[in-house]
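Participant: Please find one structure pasted underneath; my questions will follow.
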Amino acid sequence: MKLALIGYGKMGKAIEAIARQRGHEIGLIISTANLTGLTKENLAPCDVAIEFTNPQSAVINMQACFNAGIPVVCGSTGWKLSDIADANKNISLLYASNFSVGANIFFALNKKLALLMASHPEYKVAVEEIHHTAKKDAPSGTAISLANEIIAARRELTHWVNNESEEPAALPIISIRTDPAPGTHHVKYVSGIDDIEIIHTAHNRTGFATGAVLAAEFLKGKKGIYKMDDVLGI
C-alpha cells in the first residue's frame, strides 16, 4: 500500500516508521515546508492519506484528498463532521480522537462503566488527562470523547467544563501539562463509601502510530465513514 502522510511532526515520523515496518510505501509527505504539494496529481499514486495536523488545516486537507478520490485517516481533533461539505457524499473517511488499540479498548470500558454507574448518582465523576507541555489543545480530544460518553449515560450531566467544578450538571475535565508525558487518561467515580477508577497510560507514540496504520489498512478500498470501533470490532 502507498500512503500519503499529511503532517510530518513527531506523529507523522512515527507513522512513517511503522508503515515502513509493515511493508508499506510512502508516496507523499506534506509538511509546513511544502503545503502547496497537496495536489490531485501528487495524491494520485497513493491508496490512503493519513492526516495529523491541526483543526484549522485538517478540513482543507481532507477536502483536497476527497477531491482527488483518496481515502483519509484523520487524527486531527477540534473539527466536526458537519465541517466537511462532502460528508454525505461518497467519501472514504476514518477518524478518531485516539488511534491507540489500548485507548480504544479503554473507550469501550469507559462506556460500559458509565452505563453501570448511570443509576448511582451518589458517585461524582471526573476525567483527568496528563500530557506533555508541547500539546497545544486542552482538554485532549481523548478526554472529550471520554467525557461525552459519560454525559450520554448520566441524566444529571449536560456538559463538561475544563476545570474543577461543583456544578451538578457539569462533568469536570482536569488538564495537566508536564514533561515527559505521552498521555494518561483517568476516569474516577468518587463516593463517601468507595472509589472506582479506570486509567489508560501511553508510554510512547508507537501505539497511536500503529493504530493509524491499521486504520489505513482497513480503509483501503472502502467507501463510507468509519471509526476505530470498526477496525477493532468493538
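Ordered as shown in the C-alpha cells, chains take letters A, B, and onward, while each chain numbers its residues from 1 and ligands are numbered from 1 in the order shown.
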Using only C-alpha atoms, which residues sit within 7 Å of Lys223 in chain A once same-chain residues fewer than 6 positions away are excluded, as a list in words?

Facilitator: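 Listed by chain and then number, they are Asn90, Ile91 and Ser92 of chain A.
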
Participant: For C-alpha atoms, I'd like the residues from the last selection saved as a short mmCIF file (atom, residue, chain, number, x, y, z; two decimals), in the first residue's frame.

Facilitator:
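Output (out32.cif):
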data_model
loop_
_atom_site.label_atom_id
_atom_site.label_comp_id
_atom_site.auth_asym_id
_atom_site.auth_seq_id
_atom_site.Cartn_x
_atom_site.Cartn_y
_atom_site.Cartn_z
CA ASN A 90 -19.47 9.06 -1.45
CA ILE A 91 -16.29 9.65 0.56
CA SER A 92 -13.91 7.36 2.46
#

Participant: Which range 131-171 of chain A residues have any atom within 7 Å of an atom of range 180-192 of chain A, and for each, what is the nearest pair of atoms with distance in Å to one decimal, counting only C-alpha atoms, rows sorted by chain and number, as JSON lines?

Facilitator:
{"residue": "A:His131", "atom": "CA", "partner": "A:Gly183", "partner_atom": "CA", "distance": 4.7}
{"residue": "A:His132", "atom": "CA", "partner": "A:Ala181", "partner_atom": "CA", "distance": 4.7}
{"residue": "A:Ala143", "atom": "CA", "partner": "A:His185", "partner_atom": "CA", "distance": 6.9}

Participant: Identify which of the residues A:Val231, A:Leu35, A:Val161, A:Ile130 lies closest to Asp179 in chain A, counting only C-alpha atoms when measuring atom-to-atom distances.

Facilitator: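 Among the listed residues, the smallest separation from Asp179 in chain A belongs to A:Ile130.
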
Participant: Contacts of Gly211 in chain A at 8 Å or less, counting only C-alpha atoms, minus same-chain residues fewer than 5 places along, as number ranges by chain?

Facilitator: A: 99-101

Participant: With only C-alpha atoms as the counted atoms, please give the residues lying no more than 8 Å from range 68-78 of chain A, apart from itself and same-chain residues fewer than 2 positions off, as a ChimeraX atom specification.

Facilitator: /A:39-40,43-44,46-55,58,62,64-66,80,91-99,141,212,215-216,219-220

Participant: Those residues you just picked out, can you put them in a file as a compact mmCIF listing (two decimals), in the first residue's frame with N, CA and C atoms?

Facilitator:
# COMPACT_ATOMS: atom_id res chain seq x y z
N THR A 39 -1.69 18.24 -3.95
CA THR A 39 -2.45 18.38 -5.19
C THR A 39 -3.02 17.04 -5.64
N LYS A 40 -3.98 17.11 -6.53
CA LYS A 40 -4.59 15.90 -7.08
C LYS A 40 -3.55 15.03 -7.77
N LEU A 43 -1.31 13.34 -5.15
CA LEU A 43 -2.05 12.35 -4.37
C LEU A 43 -2.41 11.11 -5.20
N ALA A 44 -2.48 11.26 -6.50
CA ALA A 44 -3.00 10.20 -7.38
C ALA A 44 -2.36 8.83 -7.17
N CYS A 46 -1.34 7.47 -4.51
CA CYS A 46 -1.49 6.98 -3.13
C CYS A 46 -2.82 6.25 -2.94
N ASP A 47 -2.80 5.26 -2.07
CA ASP A 47 -4.01 4.48 -1.77
C ASP A 47 -4.82 5.11 -0.65
N VAL A 48 -4.14 5.64 0.36
CA VAL A 48 -4.78 6.24 1.53
C VAL A 48 -3.91 7.38 2.03
N ALA A 49 -4.55 8.45 2.53
CA ALA A 49 -3.83 9.54 3.18
C ALA A 49 -4.05 9.46 4.68
N ILE A 50 -3.01 9.70 5.45
CA ILE A 50 -3.11 9.78 6.92
C ILE A 50 -2.83 11.22 7.31
N GLU A 51 -3.82 11.87 7.94
CA GLU A 51 -3.77 13.29 8.23
C GLU A 51 -3.65 13.53 9.74
N PHE A 52 -2.54 14.12 10.17
CA PHE A 52 -2.33 14.52 11.57
C PHE A 52 -1.76 15.94 11.56
N THR A 53 -2.65 16.94 11.58
CA THR A 53 -2.16 18.32 11.60
C THR A 53 -2.83 19.08 12.75
N ASN A 54 -3.78 19.95 12.43
CA ASN A 54 -4.50 20.72 13.43
C ASN A 54 -5.89 21.02 12.90
N PRO A 55 -6.82 21.45 13.77
CA PRO A 55 -8.20 21.63 13.31
C PRO A 55 -8.36 22.69 12.23
N ALA A 58 -7.01 20.74 8.98
CA ALA A 58 -7.48 19.36 8.74
C ALA A 58 -8.59 19.30 7.70
N MET A 62 -8.42 17.38 4.17
CA MET A 62 -9.32 16.28 3.85
C MET A 62 -10.09 16.54 2.56
N ALA A 64 -9.12 18.26 0.03
CA ALA A 64 -8.20 18.06 -1.09
C ALA A 64 -8.09 16.58 -1.43
N CYS A 65 -8.04 15.74 -0.40
CA CYS A 65 -7.95 14.29 -0.63
C CYS A 65 -9.24 13.74 -1.22
N PHE A 66 -10.38 14.18 -0.71
CA PHE A 66 -11.66 13.71 -1.23
C PHE A 66 -11.82 14.12 -2.69
N LYS A 80 -15.57 19.25 13.30
CA LYS A 80 -16.81 18.48 13.34
C LYS A 80 -17.10 17.88 11.97
N ILE A 91 -17.67 9.47 0.15
CA ILE A 91 -16.29 9.65 0.56
C ILE A 91 -15.82 8.45 1.37
N SER A 92 -14.51 8.40 1.61
CA SER A 92 -13.91 7.36 2.46
C SER A 92 -13.15 8.07 3.57
N LEU A 93 -13.63 7.91 4.80
CA LEU A 93 -13.04 8.61 5.94
C LEU A 93 -13.07 7.73 7.17
N LEU A 94 -11.96 7.71 7.88
CA LEU A 94 -11.91 7.07 9.20
C LEU A 94 -11.26 8.08 10.13
N TYR A 95 -11.98 8.48 11.17
CA TYR A 95 -11.45 9.48 12.09
C TYR A 95 -11.59 9.00 13.53
N ALA A 96 -10.70 9.48 14.37
CA ALA A 96 -10.71 9.10 15.78
C ALA A 96 -9.97 10.15 16.58
N SER A 97 -10.33 10.30 17.85
CA SER A 97 -9.59 11.20 18.73
C SER A 97 -8.34 10.52 19.26
N ASN A 98 -8.30 9.18 19.14
CA ASN A 98 -7.14 8.42 19.61
C ASN A 98 -7.10 7.10 18.84
N PHE A 99 -5.98 6.80 18.20
CA PHE A 99 -5.87 5.61 17.37
C PHE A 99 -5.25 4.42 18.09
N GLY A 141 -8.46 15.62 22.87
CA GLY A 141 -9.59 15.03 22.16
C GLY A 141 -10.05 13.73 22.81
N ALA A 212 -3.01 4.09 13.63
CA ALA A 212 -3.29 4.87 12.42
C ALA A 212 -2.99 4.06 11.16
N ALA A 215 -5.64 1.49 10.72
CA ALA A 215 -6.83 2.15 10.19
C ALA A 215 -6.72 2.34 8.69
N ALA A 216 -5.54 2.71 8.20
CA ALA A 216 -5.33 2.89 6.76
C ALA A 216 -5.48 1.56 6.03
N LEU A 219 -9.16 0.86 5.79
CA LEU A 219 -9.94 1.77 4.96
C LEU A 219 -9.70 1.57 3.46
N LYS A 220 -8.55 1.06 3.09
CA LYS A 220 -8.24 0.91 1.67
C LYS A 220 -9.33 0.13 0.94

Participant: Go through range 140-206 of chain A and collect every residue that DSSP, computed from the backbone, puts in helix (DSSP H, G or I); the answer should be as a list in words.

Facilitator: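 Across range 140-206 of chain A, those assigned helix (DSSP H, G or I) are Gly141, Thr142, Ala143, Ile144, Ser145, Leu146, Ala147, Asn148, Glu149, Ile150, Ile151, Ala152, Ala153 and Thr206 of chain A.
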